[in-house]
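Novice: Following this message is one structure expressed as structure tokens.
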Amino acid sequence: MSEQYVVDLREVDQTQVALVGGKGANLGGLSRIDGIPVPPGFCVTTAAFRRVVADGPAVGELLDQLSRLSPDDREAIRVLSAEVRRRIEGIAIPDDLAAAITHTLLVHGERSAYAVRSSATAEDTPTASFAGQQDTYLNILGPAAILAHVSRCWASLFTERAVTYRLRNGFDHRAVSMAVVVQQMVFPRSAGILFTADPVTGNRKVATVDASFGLGEALVSGRVNPDVFTVREGVVVARAVAAKQVAVHARPGGGTHEVAVDPQRQDQPALTEAQVLRLVRLGRLIEARFGGPQDIEWCLVDDDFQIVQSRPITTLFPLPTARDQENHVYLSVGHQQMMTDAMKPLGLSMWQLTAMAPMHEAGGRLFVDATRMLGAPASRDRFLEMAGRIDPLTRDALQTVLDRPGFVPALPDSGPGGPPLAGASAAIETDPAVVTELIERSEGSIAALRRDIATFTGPALFDFLLEAFGEHKRNLGDPVSMQAIMAGMEATWWLNDRLGEWLGERDAADTLTLSAPGNVTSEMGLALLDVADAIRPHPEVVAYLRGVEDDSFLDELPKLAGGTEARDAIEAYLDRYGMRCVGEIDITRPRWRERPATLLPVLLDHVANFPPGAAQRRFEQGRQEARRKAQEVLTRLRALPDGELKAAETERMIDRVRTFAGYREYPKYGIISRYFIYKQALLGEIERLVRANVLREPADAFYLTFQELHEVVRSHQVDDTLIRQRKDAFRSYQALRPPRVLTSDGEALTGAYRRDDVPAGALVGQPVSAGTVEGRARVILDLAQARLEPGDILVTAHTDPSWTPLFVAIAGLVTEVGGLMTHGAVIAREYGLPAVVSVVDATRLISDGQRIRVHGSDGYVEILS
């Protein structure tokens with residue numbers, strides 16, 4: 001079968017990206033929509049590109065060299081990409097291919113002017129726009145010039161910006177091909193861009209139109225400020241008319257040039273409001289056909305619009321699927337769980353199946369629908385109060401939505417005071433035995449799960465797991481457990497509020513909770529110091545561990561002097577904590593037990609930076625400091641009017657907070673312990689599928705939901721195309737930043753601090769652990785890359801319990817995500833580390849090695865050098 005080198009635009013659609021590239025496929029799809037005028041044209045297909053490149057001298061070798069470059073090696077990219085372009089442009093187009101192109105030009109009109117536009121197979125797709133990465137040439141006249149510009153478009157696949165973009169986004173240079181669109185020129189009075197959703201806020205009900213005189217190149221290149229029209233539900237709600245001093249027009253002999261706009265015309269709008277509304281209606285037709293918000297290039301010729309491109313808006317955060325047309329307000333789960341990274345489908349579905357509340361997926365993240373809680377006045381007030389205590393940015397984002405009249409439907413209260421947000425903590429006695437019993441009950445249930453799951457394989461395993469998820473949720477929703485958690489939180493708030501009121505003390509609970517008993521997460525951090533104690537006396541072991549590059553090192557340790565003791569200490573730690581990892585709510589993430597080398601950088605830092613017995617001394621120091629603080633505040637209270645009563649109340653609350661504060665971390669430990677058991681069982685099934693050649697590799701299973709994996713195990717059949725699509729989608733989701741709050745209109749809200757009490761230039765955040773500390777910032781995004789020295793301040797995006805081993809080695813903490821009662825804040829207080837969380841863009845605004853000052857009581861960070 002002969003290759004197809006030229007195809008008419010009207011013969012292709014969005015399913016043929018591999019043949020005609022993203023731009024060509026979208027233009028073909030546009031051509032098939034009734035009522036959407038598209039200039040006629042044709043595509044020179046990717047088959048033509050592959051043929052020409054295959055004939056090029058040593059092009060393949062150069063592509064291999066490009067693939068090995070770092071995206072930051074700009075000089076090497078410049079030199080190599082220029083050489084690739086030179087070689088491609090120097091290849092003569094084969095006679096039969098040139099004849100096919102010129103024959104098609106005769107059919108369309110040889111004397112017409114054309115736009116010659118690159119159309120790569122990885123551009124203008126739902127997961128990658130590649131906008132502006134390749135070249136477009138306008139007003140090209142004659143077959144010879146068109147053939148020359150086809151070669152230039154092929155070469156433009158390897159512009160510096162295109163090569164860098166692919167390197168940064170993980171695209172293989174050899175896997176991307178280039179088609180070329182050859183389309184009849186239109187010579188517009190005005191041109192511009194239509195976004196069928198607001199590209200800034202994400203609101204799908206708002207369209208924006210940018211317009212300028214002449215061709216759209218002046219607007220796209222930034223040489224002119226456009227008129228901007230904002231349209232909501234068929235009404236122009238805002239307009240800004242710019243002074244358009246220049247325009248780009250076609251030259252009579254080919255090409256384009258910039259001309260000055262008549263001064264009397266510069267301030268006139270490029271479109272009338274009626275034209276704007278007509279254009280938006282065309283955009284809604286395209287959006288409906290293409291299945292999502294679009295970035296549309298348009299031209300106005302006389303009084304008629306011509307559509308010359310449409311591509312998905314890839315920067316918008318996707319929306320959860322709703323079963324109705326009502327307004328919804330979604331709250332980010334990741335911001336509560338300290339894991340805002342994208343999750344793979346198996347991880348998402350497992351969390352959904354084991355969570356206490358219904359959760360909705362969007363953009364590889366999970367959201368809870370908070371609409372009903374916000375709709376009833378009593379529950380709304382309590383919900384906002386709780387949100388504000390946990391994360392002021394989330395509260396501000398919610399309030400922004402509530403301030404919009406009519407968006408959140410008014411609902412009746414379910415009873416006096418509205419529905420409770422948690423169990424009534426007042427009902428639980430201050431008794432350590434309550435916590436002991438809760439932990440024993442949970443550990444017994446986990447042991448039974450580990451015992452019983454071993455007897456199931458195949459489809460029966462999935463049936464068992466569905467039953468196990470019910471037990472999982474029963475443990476998670478245990479009313480006594482909820483009461484214990486709330487008791488610790490409310491006692492903390494009570495102490496801070498009352499001691500602030502009575503004594504002028506700020507954040508007194510931060511000191512009163514130091515070394516609170518029973519905190520499994522803080523114990524995990526101290527336990528790694530004990531492992532360091534077991535390794536430190538054996539220099540041969542330490543030297544070996546510094547050179548470890550894979551996870552097989554535990555098997556080699558017994559061959560070294562002291563290696564058996566070192567291995568036993570590490571194994572004991574992994575037995576207790578090996579189910580944990582960064583991003584642990586995603587079951588697909590590798591656990592410490594699976595990749596123990598992840599812990600070595602922190603462990604070796606502990607060996608170098610701490611003396612023996614540091615864990616016990618640190619815990620005891622915190623306990624004594626908390627005791628001294630308790631005695632101090634009680635003595636001061638007794639000197640006040642009604643002092644004995646206030647002191648007695650406070651003493652009861654101190655006892656209560658120390659009884660229950662540590663338990664706050666245990667339920668998450670139980671969840672992750674269960675997750676590791678689930679994962680080990682599922683991996684057994686996945687390995688069997690790989691051995692049976694059903695799956696290509698184990699990681700492919702992570703791109704299936706739990707239910708889909710169940711079906712694959714049952715049928716031994718898998719949809720490879722679905723897995724590829726899921727991988728592409730996941731890659732695109734990784735580039736998105738999830739909002740704290742998302743509305744059903746698509747508006748993404750991150751909230752804002754409304755404070756004027758911080759120094760100029762300081763970075764504002766939420767104070768979560770008292771004190772002020774100054775030190776070197778260590779910006780760390782990967783736990784396995786951590787290298788710390790005493791006095792360093794950890795700056796990172798977010799911390800879940802897996803980061804706790806670092807906390808014993810730092811002097812302060814700054815994160816981009818977090819709240820008053822999230823794990824990082826709890827452990828920072830227990831270790832006595834000044835901490836500020838929810839500092840927007842902290843890892844970008846603070847450079848590694850800068851000296852900073854963290855104001856943990858006032859909630860801001862100063863950059864000192």
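We name chains A, B, ... following the order of the structure tokens; residues begin at 1 in each chain, and ligands are numbered from 1 as shown.
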So which residues of segment 283-435 of chain A fall under strand (DSSP E or B) by DSSP, listed as a list of chain:residue names?
Specialist: A:Gln294, A:Asp295, A:Ile296, A:Glu297, A:Trp298, A:Cys299, A:Leu300, A:Val301, A:Asp304, A:Phe305, A:Gln306, A:Ile307, A:Val308, A:Gln309, A:Ser310, A:Arg311, A:Pro312, A:Val329, A:Tyr330, A:Leu331, A:Ser332, A:His360, A:Glu361, A:Ala362, A:Arg365, A:Leu366, A:Phe367, A:Val368, A:Asp369
Novice: Could you check the closest approach to Leu476 of chain A for each of A:Trp803, A:Tyr544, A:Phe367, A:Tyr666 and tell me which residue wins, using only C-alpha atoms?
Specialist: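 Smallest separation from Leu476 of chain A among the options: A:Tyr666.
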Novice: Step one, run DSSP on the backbone; step two, keep only residues of segment 147-342 of chain A assigned to helix (DSSP H, G or I); then write them as a ChimeraX atom specification.
Specialist: /A:147-158,160-169,173-175,217-220,273-290,334-337
Novice: Give me, as a PyMOL selection string, all polymer residues having an atom no more than 8 Å from segment 14-26 of chain A, counting only C-alpha atoms and skipping those fewer than 5 positions away in the same chain.
Specialist: chain A and resi 9+43-47+118-125+177-181+309-311
Novice: Once you have the residues from the selection above, write them out as an mmCIF file, in the first residue's frame, restricted to N, CA and C atoms.
Specialist:
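What landed in again11.cif:
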```cif
data_model
loop_
_atom_site.group_PDB
_atom_site.id
_atom_site.type_symbol
_atom_site.label_atom_id
_atom_site.label_comp_id
_atom_site.auth_asym_id
_atom_site.auth_seq_id
_atom_site.Cartn_x
_atom_site.Cartn_y
_atom_site.Cartn_z
ATOM 1 N N LEU A 9 -8.004 18.944 3.541
ATOM 2 C CA LEU A 9 -8.451 19.188 4.922
ATOM 3 C C LEU A 9 -9.827 18.589 5.183
ATOM 4 N N CYS A 43 -3.161 19.088 3.497
ATOM 5 C CA CYS A 43 -2.037 18.771 4.369
ATOM 6 C C CYS A 43 -1.006 17.947 3.616
ATOM 7 N N VAL A 44 0.248 18.298 3.805
ATOM 8 C CA VAL A 44 1.350 17.422 3.432
ATOM 9 C C VAL A 44 1.616 16.559 4.661
ATOM 10 N N THR A 45 1.433 15.260 4.544
ATOM 11 C CA THR A 45 1.297 14.398 5.720
ATOM 12 C C THR A 45 2.636 14.086 6.389
ATOM 13 N N THR A 46 2.544 13.471 7.551
ATOM 14 C CA THR A 46 3.745 13.049 8.287
ATOM 15 C C THR A 46 4.529 11.998 7.528
ATOM 16 N N ALA A 47 3.856 11.240 6.653
ATOM 17 C CA ALA A 47 4.584 10.245 5.856
ATOM 18 C C ALA A 47 5.623 10.932 4.976
ATOM 19 N N SER A 118 3.070 24.738 10.151
ATOM 20 C CA SER A 118 3.531 23.474 10.730
ATOM 21 C C SER A 118 2.397 22.815 11.503
ATOM 22 N N SER A 119 2.429 21.490 11.542
ATOM 23 C CA SER A 119 1.387 20.732 12.251
ATOM 24 C C SER A 119 2.017 19.464 12.823
ATOM 25 N N ALA A 120 2.602 19.589 14.004
ATOM 26 C CA ALA A 120 3.300 18.456 14.619
ATOM 27 C C ALA A 120 2.317 17.495 15.269
ATOM 28 N N THR A 121 2.713 16.246 15.398
ATOM 29 C CA THR A 121 1.814 15.232 15.962
ATOM 30 C C THR A 121 1.633 15.383 17.466
ATOM 31 N N ALA A 122 2.446 16.208 18.126
ATOM 32 C CA ALA A 122 2.290 16.395 19.569
ATOM 33 C C ALA A 122 1.798 17.786 19.911
ATOM 34 N N GLU A 123 1.272 18.527 18.946
ATOM 35 C CA GLU A 123 0.779 19.878 19.243
ATOM 36 C C GLU A 123 -0.732 19.946 19.094
ATOM 37 N N ASP A 124 -1.310 20.934 19.772
ATOM 38 C CA ASP A 124 -2.746 21.217 19.681
ATOM 39 C C ASP A 124 -3.588 19.997 20.034
ATOM 40 N N THR A 125 -3.102 19.207 21.003
ATOM 41 C CA THR A 125 -3.844 18.043 21.485
ATOM 42 C C THR A 125 -4.385 18.366 22.872
ATOM 43 N N SER A 177 6.366 13.672 14.743
ATOM 44 C CA SER A 177 6.502 13.918 13.304
ATOM 45 C C SER A 177 5.844 15.242 12.943
ATOM 46 N N MET A 178 6.148 15.719 11.743
ATOM 47 C CA MET A 178 5.625 17.006 11.306
ATOM 48 C C MET A 178 4.837 16.860 10.006
ATOM 49 N N ALA A 179 3.593 17.296 10.033
ATOM 50 C CA ALA A 179 2.834 17.510 8.809
ATOM 51 C C ALA A 179 2.846 19.012 8.529
ATOM 52 N N VAL A 180 2.385 19.396 7.368
ATOM 53 C CA VAL A 180 2.346 20.815 7.006
ATOM 54 C C VAL A 180 0.978 21.125 6.412
ATOM 55 N N VAL A 181 0.319 22.146 6.956
ATOM 56 C CA VAL A 181 -0.960 22.615 6.428
ATOM 57 C C VAL A 181 -0.685 23.707 5.392
ATOM 58 N N GLN A 309 -8.024 28.246 13.161
ATOM 59 C CA GLN A 309 -7.450 27.246 14.062
ATOM 60 C C GLN A 309 -8.293 27.139 15.314
ATOM 61 N N SER A 310 -8.283 25.957 15.904
ATOM 62 C CA SER A 310 -8.883 25.751 17.217
ATOM 63 C C SER A 310 -8.080 24.673 17.918
ATOM 64 N N ARG A 311 -7.724 24.939 19.154
ATOM 65 C CA ARG A 311 -6.959 23.960 19.930
ATOM 66 C C ARG A 311 -7.524 23.932 21.352
#
```
Novice: Which residue out of A:Pro801, A:Pro767, A:Gly819, A:Pro94 has the minimum interatomic distance to Gly856 of chain A when only C-alpha atoms are used?
Specialist: A:Pro767
Novice: Extract, using only C-alpha atoms, all DNA, RNA and protein residues at most 8 Å from Thr659 of chain A, discarding same-chain residues fewer than 5 positions from it, and format them as a VMD selection string.
Specialist: chain A and resid 430 to 432 435 488 516 to 517
Novice: I need the chosen residues saved as a short mmCIF file (atom, residue, chain, number, x, y, z; two decimals), in the first residue's frame, with C-alpha atoms.
Specialist:
```cif
data_model
loop_
_atom_site.label_atom_id
_atom_site.label_comp_id
_atom_site.auth_asym_id
_atom_site.auth_seq_id
_atom_site.Cartn_x
_atom_site.Cartn_y
_atom_site.Cartn_z
CA THR A 430 -9.62 12.21 79.44
CA ASP A 431 -8.26 8.69 79.86
CA PRO A 432 -5.09 7.32 78.20
CA VAL A 435 -6.18 5.74 73.11
CA GLY A 488 -6.94 16.88 71.07
CA ALA A 516 3.29 14.44 73.62
CA PRO A 517 3.11 10.67 74.17
#
```
Novice: At a cut-off of 12 Å, can you tabulate as a tab-separated table every residue of segment 600-677 of chain A near segment 533-542 of chain A together with its closest atom pair and the distance in Å to one decimal, using only C-alpha atoms and ordering rows by chain then number?
Specialist:
```
residue	atom	partner	partner_atom	distance
A:Leu600	CA	A:Val542	CA	10.2
A:Pro601	CA	A:Val542	CA	11.4
A:Leu603	CA	A:Ile535	CA	9.2
A:Leu604	CA	A:Val542	CA	7.5
A:Asp605	CA	A:Val542	CA	10.7
A:His606	CA	A:Asp533	CA	8.6
A:Val607	CA	A:Arg536	CA	5.6
A:Ala608	CA	A:Arg536	CA	8.1
A:Asn609	CA	A:Arg536	CA	10.6
A:Phe610	CA	A:Asp533	CA	8.8
A:Pro611	CA	A:Asp533	CA	8.0
A:Pro612	CA	A:Asp533	CA	5.5
A:Gly613	CA	A:Asp533	CA	7.1
A:Ala614	CA	A:Asp533	CA	8.6
A:Ala615	CA	A:Asp533	CA	9.4
A:Gln616	CA	A:Asp533	CA	11.4
```
Novice: With segment 34-41 of chain A as the partner and 9 Å as the cut-off, tabulate the residues of segment 263-291 of chain A that qualify, each row holding the nearest pair of atoms and their distance in Å to one decimal, using only C-alpha atoms, sorted by chain and rising number, as a tab-separated table.
Specialist:
```
residue	atom	partner	partner_atom	distance
A:Leu282	CA	A:Ile36	CA	6.9
A:Leu285	CA	A:Ile36	CA	8.2
A:Ile286	CA	A:Ile36	CA	7.9
```
Novice: Give me a file of those residues, with N, CA and C atoms, as a compact mmCIF listing (two decimals), in the first residue's frame.
Specialist:
```
# COMPACT_ATOMS: atom_id res chain seq x y z
N LEU A 282 -20.19 31.12 17.58
CA LEU A 282 -19.43 30.17 16.76
C LEU A 282 -18.49 29.35 17.65
N LEU A 285 -20.24 26.53 19.39
CA LEU A 285 -20.47 25.40 18.48
C LEU A 285 -19.22 24.53 18.39
N ILE A 286 -18.07 25.17 18.23
CA ILE A 286 -16.81 24.43 18.12
C ILE A 286 -16.52 23.70 19.43
```
Novice: What's the 10 Å shell around segment 199-206 of chain A, counting only C-alpha atoms, without same-chain residues fewer than 6 positions away, as an mmCIF file with N, CA, C and O atoms, in the first residue's frame?
Specialist:
```
data_model
loop_
_atom_site.group_PDB
_atom_site.id
_atom_site.type_symbol
_atom_site.label_atom_id
_atom_site.label_comp_id
_atom_site.auth_asym_id
_atom_site.auth_seq_id
_atom_site.Cartn_x
_atom_site.Cartn_y
_atom_site.Cartn_z
ATOM 1 N N THR A 230 -15.069 40.640 27.290
ATOM 2 C CA THR A 230 -15.446 39.531 28.167
ATOM 3 C C THR A 230 -16.943 39.293 28.033
ATOM 4 O O THR A 230 -17.740 40.230 28.177
ATOM 5 N N VAL A 231 -17.306 38.043 27.750
ATOM 6 C CA VAL A 231 -18.699 37.690 27.498
ATOM 7 C C VAL A 231 -19.123 36.606 28.484
ATOM 8 O O VAL A 231 -18.434 35.592 28.646
ATOM 9 N N ARG A 232 -20.243 36.850 29.137
ATOM 10 C CA ARG A 232 -20.795 35.847 30.046
ATOM 11 C C ARG A 232 -22.254 35.613 29.686
ATOM 12 O O ARG A 232 -23.063 36.546 29.710
ATOM 13 N N GLU A 233 -22.569 34.379 29.327
ATOM 14 C CA GLU A 233 -23.938 33.956 29.029
ATOM 15 C C GLU A 233 -24.630 34.910 28.063
ATOM 16 O O GLU A 233 -25.737 35.392 28.309
ATOM 17 N N GLY A 234 -23.943 35.184 26.955
ATOM 18 C CA GLY A 234 -24.563 35.959 25.881
ATOM 19 C C GLY A 234 -24.565 37.456 26.081
ATOM 20 O O GLY A 234 -25.229 38.179 25.332
ATOM 21 N N VAL A 235 -23.813 37.962 27.058
ATOM 22 C CA VAL A 235 -23.768 39.400 27.322
ATOM 23 C C VAL A 235 -22.307 39.834 27.439
ATOM 24 O O VAL A 235 -21.501 39.168 28.112
ATOM 25 N N VAL A 236 -21.960 40.948 26.778
ATOM 26 C CA VAL A 236 -20.622 41.517 26.949
ATOM 27 C C VAL A 236 -20.600 42.214 28.308
ATOM 28 O O VAL A 236 -21.252 43.247 28.499
ATOM 29 N N VAL A 237 -19.867 41.651 29.243
ATOM 30 C CA VAL A 237 -19.868 42.195 30.606
ATOM 31 C C VAL A 237 -18.678 43.113 30.854
ATOM 32 O O VAL A 237 -18.643 43.824 31.868
ATOM 33 N N VAL A 280 -18.587 34.522 19.600
ATOM 34 C CA VAL A 280 -18.662 33.628 20.754
ATOM 35 C C VAL A 280 -19.648 32.491 20.480
ATOM 36 O O VAL A 280 -19.417 31.341 20.881
ATOM 37 N N GLY A 292 -14.672 20.341 24.669
ATOM 38 C CA GLY A 292 -13.990 21.037 25.746
ATOM 39 C C GLY A 292 -13.649 22.454 25.348
ATOM 40 O O GLY A 292 -13.735 22.829 24.169
ATOM 41 N N PRO A 293 -13.242 23.294 26.303
ATOM 42 C CA PRO A 293 -12.915 24.687 26.022
ATOM 43 C C PRO A 293 -11.817 24.820 24.968
ATOM 44 O O PRO A 293 -10.864 24.036 24.944
ATOM 45 N N GLN A 294 -11.961 25.831 24.102
ATOM 46 C CA GLN A 294 -11.070 25.984 22.964
ATOM 47 C C GLN A 294 -10.402 27.361 22.917
ATOM 48 O O GLN A 294 -10.971 28.362 23.342
ATOM 49 N N ASP A 295 -9.205 27.344 22.359
ATOM 50 C CA ASP A 295 -8.431 28.539 22.027
ATOM 51 C C ASP A 295 -8.514 28.649 20.502
ATOM 52 O O ASP A 295 -7.942 27.827 19.780
ATOM 53 N N ILE A 313 -7.686 24.334 25.297
ATOM 54 C CA ILE A 313 -6.967 25.152 26.279
ATOM 55 C C ILE A 313 -6.398 24.182 27.310
ATOM 56 O O ILE A 313 -7.132 23.673 28.173
ATOM 57 N N THR A 314 -5.111 23.900 27.223
ATOM 58 C CA THR A 314 -4.522 22.842 28.055
ATOM 59 C C THR A 314 -4.177 23.308 29.460
ATOM 60 O O THR A 314 -3.822 22.488 30.304
ATOM 61 N N THR A 315 -4.238 24.615 29.724
ATOM 62 C CA THR A 315 -3.853 25.117 31.046
ATOM 63 C C THR A 315 -5.004 25.109 32.044
ATOM 64 O O THR A 315 -4.795 25.372 33.225
ATOM 65 N N LEU A 316 -6.225 24.834 31.588
ATOM 66 C CA LEU A 316 -7.367 24.840 32.502
ATOM 67 C C LEU A 316 -7.358 23.594 33.370
ATOM 68 O O LEU A 316 -7.059 22.493 32.905
ATOM 69 N N PHE A 317 -7.723 23.778 34.629
ATOM 70 C CA PHE A 317 -7.844 22.600 35.477
ATOM 71 C C PHE A 317 -9.156 21.889 35.125
ATOM 72 O O PHE A 317 -10.203 22.521 35.060
ATOM 73 N N PRO A 318 -9.105 20.582 34.866
ATOM 74 C CA PRO A 318 -10.333 19.863 34.480
ATOM 75 C C PRO A 318 -11.389 19.912 35.572
ATOM 76 O O PRO A 318 -11.097 20.155 36.748
ATOM 77 N N LEU A 319 -12.630 19.634 35.185
ATOM 78 C CA LEU A 319 -13.753 19.658 36.115
ATOM 79 C C LEU A 319 -14.192 18.250 36.489
ATOM 80 O O LEU A 319 -14.153 17.343 35.650
ATOM 81 N N LEU A 742 -12.635 24.565 43.733
ATOM 82 C CA LEU A 742 -12.965 24.523 42.317
ATOM 83 C C LEU A 742 -14.486 24.555 42.197
ATOM 84 O O LEU A 742 -15.175 23.813 42.898
ATOM 85 N N THR A 743 -15.002 25.420 41.332
ATOM 86 C CA THR A 743 -16.454 25.474 41.152
ATOM 87 C C THR A 743 -16.854 24.710 39.895
ATOM 88 O O THR A 743 -16.029 24.457 39.011
ATOM 89 N N SER A 744 -18.133 24.387 39.811
ATOM 90 C CA SER A 744 -18.640 23.687 38.632
ATOM 91 C C SER A 744 -18.586 24.560 37.390
ATOM 92 O O SER A 744 -18.685 24.042 36.268
ATOM 93 N N ASP A 745 -18.431 25.878 37.545
ATOM 94 C CA ASP A 745 -18.210 26.753 36.390
ATOM 95 C C ASP A 745 -16.782 26.655 35.875
ATOM 96 O O ASP A 745 -16.464 27.202 34.816
ATOM 97 N N GLY A 746 -15.923 25.989 36.640
ATOM 98 C CA GLY A 746 -14.528 25.839 36.241
ATOM 99 C C GLY A 746 -13.597 26.838 36.885
ATOM 100 O O GLY A 746 -12.396 26.842 36.604
ATOM 101 N N GLU A 747 -14.120 27.680 37.748
ATOM 102 C CA GLU A 747 -13.266 28.686 38.373
ATOM 103 C C GLU A 747 -12.383 28.035 39.431
ATOM 104 O O GLU A 747 -12.863 27.346 40.328
ATOM 105 N N ALA A 748 -11.083 28.240 39.296
ATOM 106 C CA ALA A 748 -10.106 27.678 40.223
ATOM 107 C C ALA A 748 -9.679 28.759 41.207
ATOM 108 O O ALA A 748 -9.143 29.791 40.808
ATOM 109 N N LEU A 749 -9.915 28.530 42.495
ATOM 110 C CA LEU A 749 -9.622 29.540 43.517
ATOM 111 C C LEU A 749 -8.572 29.005 44.480
ATOM 112 O O LEU A 749 -8.707 27.899 45.015
#
```
Novice: Considering only C-alpha atoms, return as number ranges by chain whatever protein or nucleic-acid residues lie within 7 Å of Pro738 of chain A, sequence-local ones (same chain, fewer than 2 positions apart) excluded.
Specialist: A: 340, 736, 740
Novice: Which residues, written as a PyMOL selection string, have at least one atom at most 6 Å from segment 266-273 of chain A, with only C-alpha atoms counted and residues fewer than 2 positions away on the same chain left out?
Specialist: chain A and resi 190+211-213+241+243-245+263-264+275-276
Novice: Which residue out of A:Ala561, A:Val6, A:Val690, A:Ala835 has the minimum interatomic distance to Thr102 of chain A when only C-alpha atoms are used?
Specialist: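 Ranked by minimum distance to Thr102 of chain A, first place goes to A:Val6.
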Novice: Using only C-alpha atoms, which residue out of A:Arg546, A:Arg239, A:Arg726, A:Arg627 lies closest to Ala597 of chain A?
Specialist: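 Using only C-alpha atoms, Ala597 of chain A sits closest to A:Arg546.
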Novice: Using only C-alpha atoms for the distances, tell me which of A:Glu620, A:Glu385, A:Pro459, A:Gly761 is nearest to His716 of chain A.
Specialist: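 Of A:Glu620, A:Glu385, A:Pro459, A:Gly761, the one nearest His716 of chain A, counting only C-alpha atoms, is A:Pro459.
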Novice: Point out the residue among A:Thr354, A:Ser67, A:Gln337, A:Thr521 with the least atom-to-atom distance to Glu467 of chain A, counting only C-alpha atoms.
Specialist: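 Of A:Thr354, A:Ser67, A:Gln337, A:Thr521, the one nearest Glu467 of chain A is A:Thr354, counting only C-alpha atoms.
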